[in-house]
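Participant: This is coords.txt (compact mmCIF, C-alpha atoms).
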# COMPACT_ATOMS: atom_id res chain seq x y z
CA MET A 149 51.37 70.56 69.29
CA ALA A 150 50.86 72.00 65.81
CA VAL A 151 48.53 74.92 65.19
CA PHE A 152 46.84 75.63 61.88
CA TYR A 153 45.06 78.81 60.86
CA VAL A 154 42.39 77.75 58.37
CA VAL A 155 41.33 80.87 56.48
CA ARG A 156 38.33 81.05 54.19
CA HIS A 157 39.27 83.32 51.31
CA ALA A 158 38.12 86.90 51.55
CA LYS A 159 35.16 88.31 49.61
CA ALA A 160 35.58 87.84 45.87
CA GLY A 161 33.71 89.33 42.96
CA SER A 162 30.34 87.82 42.12
CA ARG A 163 30.52 84.33 40.64
CA SER A 164 27.41 85.02 38.52
CA HIS A 165 28.97 88.15 37.00
CA TRP A 166 32.30 86.45 36.20
CA ASP A 167 32.44 84.92 32.72
CA GLN A 168 36.04 83.70 32.77
CA ASP A 169 37.66 80.71 34.43
CA ASP A 170 36.48 80.77 38.06
CA ARG A 171 39.99 79.98 39.26
CA LEU A 172 40.96 83.48 38.08
CA ARG A 173 38.15 85.35 39.89
CA PRO A 174 39.82 88.04 42.03
CA LEU A 175 38.94 89.58 45.37
CA SER A 176 36.47 92.45 45.49
CA LYS A 177 37.38 95.79 47.09
CA LYS A 178 35.93 94.51 50.37
CA GLY A 179 37.97 91.32 49.99
CA ILE A 180 41.18 93.25 49.45
CA LYS A 181 40.52 95.14 52.69
CA GLN A 182 39.77 91.85 54.50
CA ALA A 183 43.08 90.45 53.23
CA GLU A 184 44.94 93.50 54.51
CA VAL A 185 43.22 93.26 57.92
CA LEU A 186 44.13 89.56 58.18
CA VAL A 187 47.71 90.71 58.81
CA SER A 188 46.68 92.39 62.07
CA VAL A 189 44.15 89.67 62.99
CA LEU A 190 46.96 87.09 62.97
CA GLN A 191 49.68 89.44 64.23
CA ALA A 192 49.92 87.84 67.68
CA PHE A 193 50.29 84.31 66.31
CA PRO A 194 53.52 82.67 65.16
CA ILE A 195 53.30 81.60 61.52
CA SER A 196 55.88 79.31 59.95
CA ALA A 197 54.33 78.69 56.52
CA ILE A 198 51.46 79.82 54.29
CA PHE A 199 49.63 77.36 52.05
CA SER A 200 46.85 78.33 49.68
CA SER A 201 44.47 76.95 47.14
CA PRO A 202 45.82 77.96 43.72
CA TYR A 203 42.61 79.93 43.01
CA LEU A 204 43.46 83.62 42.67
CA ARG A 205 41.05 84.75 45.39
CA CYS A 206 42.76 82.50 47.93
CA VAL A 207 46.26 83.53 46.96
CA GLN A 208 45.25 87.21 47.09
CA THR A 209 43.78 86.67 50.57
CA VAL A 210 47.11 85.60 52.06
CA GLU A 211 49.52 87.68 49.96
CA PRO A 212 49.57 90.67 52.38
CA LEU A 213 50.19 88.27 55.28
CA ALA A 214 52.96 86.51 53.37
CA GLN A 215 54.59 89.83 52.56
CA ALA A 216 54.36 91.02 56.18
CA ARG A 217 55.87 87.75 57.45
CA GLU A 218 58.41 87.47 54.61
CA LEU A 219 57.09 84.03 53.68
CA ALA A 220 56.23 82.54 50.31
CA VAL A 221 52.68 81.50 49.49
CA GLN A 222 52.84 77.79 48.70
CA GLU A 223 50.00 76.82 46.38
CA THR A 224 48.48 73.36 46.71
CA ASN A 225 45.54 71.64 45.06
CA ALA A 226 44.84 69.96 48.41
CA LEU A 227 43.09 73.23 49.39
CA ALA A 228 41.32 73.85 46.05
CA GLU A 229 37.58 74.23 45.80
CA GLY A 230 35.86 70.88 45.41
CA SER A 231 38.86 68.87 46.59
CA GLY A 232 37.21 67.89 49.86
CA LEU A 233 38.45 68.00 53.43
CA LYS A 234 40.89 65.10 53.02
CA GLY A 235 43.63 67.29 51.53
CA ALA A 236 43.42 69.89 54.27
CA LEU A 237 43.44 67.20 56.95
CA GLY A 238 46.46 65.66 55.24
CA LEU A 239 48.33 68.93 55.62
CA MET A 240 47.31 69.09 59.29
CA ALA A 241 48.35 65.49 59.98
CA GLY A 242 52.03 66.22 60.44
CA ASP A 243 53.45 68.22 63.30
CA ALA A 244 56.30 69.30 61.01
CA LEU A 245 54.32 72.27 59.68
CA GLY A 246 54.07 73.83 63.11
CA HIS A 247 52.07 77.03 62.76
CA ALA A 248 50.82 77.11 59.18
CA VAL A 249 48.12 79.16 57.50
CA LEU A 250 45.87 77.17 55.15
CA CYS A 251 43.76 79.37 52.86
CA THR A 252 40.87 77.57 51.24
CA HIS A 253 37.22 77.76 50.16
CA GLY A 254 33.83 77.69 51.85
CA ASP A 255 33.07 74.08 50.95
CA ILE A 256 36.19 72.86 52.72
CA VAL A 257 35.68 75.11 55.75
CA TRP A 258 32.10 73.85 55.99
CA GLU A 259 33.33 70.23 55.90
CA LEU A 260 35.94 71.06 58.55
CA VAL A 261 33.32 72.49 60.91
CA GLU A 262 31.06 69.47 60.35
CA ASP A 263 34.00 67.13 61.03
CA LEU A 264 34.92 69.00 64.22
CA VAL A 265 31.34 68.71 65.46
CA LYS A 266 31.30 65.00 64.61
CA ARG A 267 34.57 64.51 66.52
CA ARG A 268 33.09 66.50 69.46
CA VAL A 269 35.82 69.12 69.24
CA LEU A 270 33.07 71.72 68.66
CA ALA A 271 29.53 71.88 69.96
CA ALA A 272 26.83 71.51 67.31
CA THR A 273 25.88 75.16 67.92
CA GLU A 274 29.37 76.41 67.04
CA SER A 275 30.03 77.36 63.47
CA GLY A 276 31.56 80.02 61.34
CA ILE A 277 32.24 79.97 57.65
CA GLU A 278 32.05 83.62 56.63
CA LYS A 279 34.45 84.85 53.97
CA GLY A 280 37.68 86.15 55.45
CA SER A 281 37.23 84.29 58.76
CA THR A 282 39.75 81.95 60.39
CA TRP A 283 39.56 78.75 62.39
CA ILE A 284 42.52 78.15 64.70
CA VAL A 285 42.92 74.39 64.88
CA ASP A 286 45.23 72.70 67.40
CA VAL A 287 46.53 69.28 66.36
CA GLU A 288 48.30 66.89 68.69
CA GLU A 289 49.77 63.61 67.43
CA GLY A 290 47.73 63.91 64.23
CA ALA A 291 44.39 64.49 65.99
CA VAL A 292 42.49 67.76 66.25
CA VAL A 293 42.16 68.55 69.95
CA ARG A 294 40.79 72.10 69.94
CA ALA A 295 39.44 74.72 67.57
CA ARG A 296 38.39 78.33 67.97
CA PHE A 297 36.87 80.81 65.56
CA LEU A 298 38.09 84.27 64.58
CA PRO A 299 35.38 86.16 62.65
CA ALA A 300 36.22 88.15 59.54
CA ALA A 301 37.15 91.76 60.02
Can you give me the file's structure in the form of structure tokens?
Facilitator:
Amino acid sequence: MAVFYVVRHAKAGSRSHWDQDDRLRPLSKKGIKQAEVLVSVLQAFPISAIFSSPYLRCVQTVEPLAQARELAVQETNALAEGSGLKGALGLMAGDALGHAVLCTHGDIVWELVEDLVKRRVLAATESGIEKGSTWIVDVEEGAVVRARFLPAA
């Protein structure tokens, strides 16, 4: 069984106050703290790889974890904002990744939760998409069999 830790990026600066390319919008002070706390939140879990949307706020969210685990952050457009759930599910399709962190955006996490409800992995009352939160998703033979939510710190 493969386990994936789907992390919604931590709190970033305000989109409405950012006048540069949104891909370069960094974490806020609160987001930096959430990224640092993610190290302890995931401390008990084995992690074999860390994948991230190339957006700065996502990369910054998993950098402390990558440093603590001595792993590289592997950027992929499959997790980028607006790319849809298909890319994330593609990463989760193979058991070869084992225990990988996937850092992405709210739109993809929202689609993931909706998909898990549709597949009856989650009850319709279960949800969680807050910034800095994590879904632990168990995948067996390419199918999601269980998911549980870790709220943001």
Participant: Please compute the CA of Ala291 (chain A)-CA of Glu218 (chain A) distance, one decimal, in Å.
Facilitator: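 Straight-line distance from CA of Ala291 (chain A) to CA of Glu218 (chain A) works out to 29.2 Å.
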Participant: Suppose you want the space between CA of Gly232 (chain A) and CA of Glu288 (chain A); what is it in Å?
Facilitator: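 Taking CA of Gly232 (chain A) as the start and CA of Glu288 (chain A) as the end point, the length is 21.9 Å.
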Participant: Could you tell me which of A:Lys177, A:Leu264, A:Gly161, A:Thr252 comes closest to Val287 (chain A) if we count all atoms listed in the file?
Facilitator: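 Counting all atoms listed in the file, the residue closest to Val287 (chain A) is A:Leu264.
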Participant: Would you mind reading off the distance between CA of Arg268 (chain A) and CA of Arg294 (chain A), one decimal, in Å?
Facilitator: 9.5 Å
Participant: Applying 12 Å and only C-alpha atoms, which residues near Lys234 (chain A) remain after dropping the ones on its own chain fewer than 4 positions away? List them as a ChimeraX atom specification.
Facilitator: /A:225-228,230,238-241,256-257,259-260,263
Participant: Closest to Lys181 (chain A) among A:Val155, A:Val285, A:Ile198, A:Val210, using all atoms listed in the file?
Facilitator: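 Nearest candidate to Lys181 (chain A) out of A:Val155, A:Val285, A:Ile198, A:Val210: A:Val210.
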Participant: Need the shell around Leu186 (chain A): protein/DNA/RNA residues with any atom at most 12 Å away, counting only C-alpha atoms. Skip same-chain ones fewer than 4 positions apart. Format as a PDB file with C-alpha atoms, in the frame of the given file?
Facilitator:
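Saved result, selection27.pdb, follows:
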ATOM      1  CA  TYR A 153      45.060  78.810  60.860  1.00  0.00           C
ATOM      2  CA  VAL A 154      42.390  77.750  58.370  1.00  0.00           C
ATOM      3  CA  VAL A 155      41.330  80.870  56.480  1.00  0.00           C
ATOM      4  CA  ARG A 156      38.330  81.050  54.190  1.00  0.00           C
ATOM      5  CA  HIS A 157      39.270  83.320  51.310  1.00  0.00           C
ATOM      6  CA  ALA A 158      38.120  86.900  51.550  1.00  0.00           C
ATOM      7  CA  GLY A 179      37.970  91.320  49.990  1.00  0.00           C
ATOM      8  CA  ILE A 180      41.180  93.250  49.450  1.00  0.00           C
ATOM      9  CA  LYS A 181      40.520  95.140  52.690  1.00  0.00           C
ATOM     10  CA  GLN A 182      39.770  91.850  54.500  1.00  0.00           C
ATOM     11  CA  LEU A 190      46.960  87.090  62.970  1.00  0.00           C
ATOM     12  CA  GLN A 191      49.680  89.440  64.230  1.00  0.00           C
ATOM     13  CA  ALA A 192      49.920  87.840  67.680  1.00  0.00           C
ATOM     14  CA  PHE A 193      50.290  84.310  66.310  1.00  0.00           C
ATOM     15  CA  GLN A 208      45.250  87.210  47.090  1.00  0.00           C
ATOM     16  CA  THR A 209      43.780  86.670  50.570  1.00  0.00           C
ATOM     17  CA  VAL A 210      47.110  85.600  52.060  1.00  0.00           C
ATOM     18  CA  GLU A 211      49.520  87.680  49.960  1.00  0.00           C
ATOM     19  CA  PRO A 212      49.570  90.670  52.380  1.00  0.00           C
ATOM     20  CA  LEU A 213      50.190  88.270  55.280  1.00  0.00           C
ATOM     21  CA  ALA A 214      52.960  86.510  53.370  1.00  0.00           C
ATOM     22  CA  GLN A 215      54.590  89.830  52.560  1.00  0.00           C
ATOM     23  CA  ALA A 216      54.360  91.020  56.180  1.00  0.00           C
ATOM     24  CA  ARG A 217      55.870  87.750  57.450  1.00  0.00           C
ATOM     25  CA  VAL A 249      48.120  79.160  57.500  1.00  0.00           C
ATOM     26  CA  CYS A 251      43.760  79.370  52.860  1.00  0.00           C
ATOM     27  CA  LYS A 279      34.450  84.850  53.970  1.00  0.00           C
ATOM     28  CA  GLY A 280      37.680  86.150  55.450  1.00  0.00           C
ATOM     29  CA  SER A 281      37.230  84.290  58.760  1.00  0.00           C
ATOM     30  CA  THR A 282      39.750  81.950  60.390  1.00  0.00           C
ATOM     31  CA  LEU A 298      38.090  84.270  64.580  1.00  0.00           C
ATOM     32  CA  PRO A 299      35.380  86.160  62.650  1.00  0.00           C
ATOM     33  CA  ALA A 300      36.220  88.150  59.540  1.00  0.00           C
ATOM     34  CA  ALA A 301      37.150  91.760  60.020  1.00  0.00           C
TER      35      ALA A 301
END
Participant: Considering only C-alpha atoms, can you say which of A:Gly235, A:Lys178, A:Ala160, A:Glu229 comes closest to Arg205 (chain A)?
Facilitator: A:Ala160
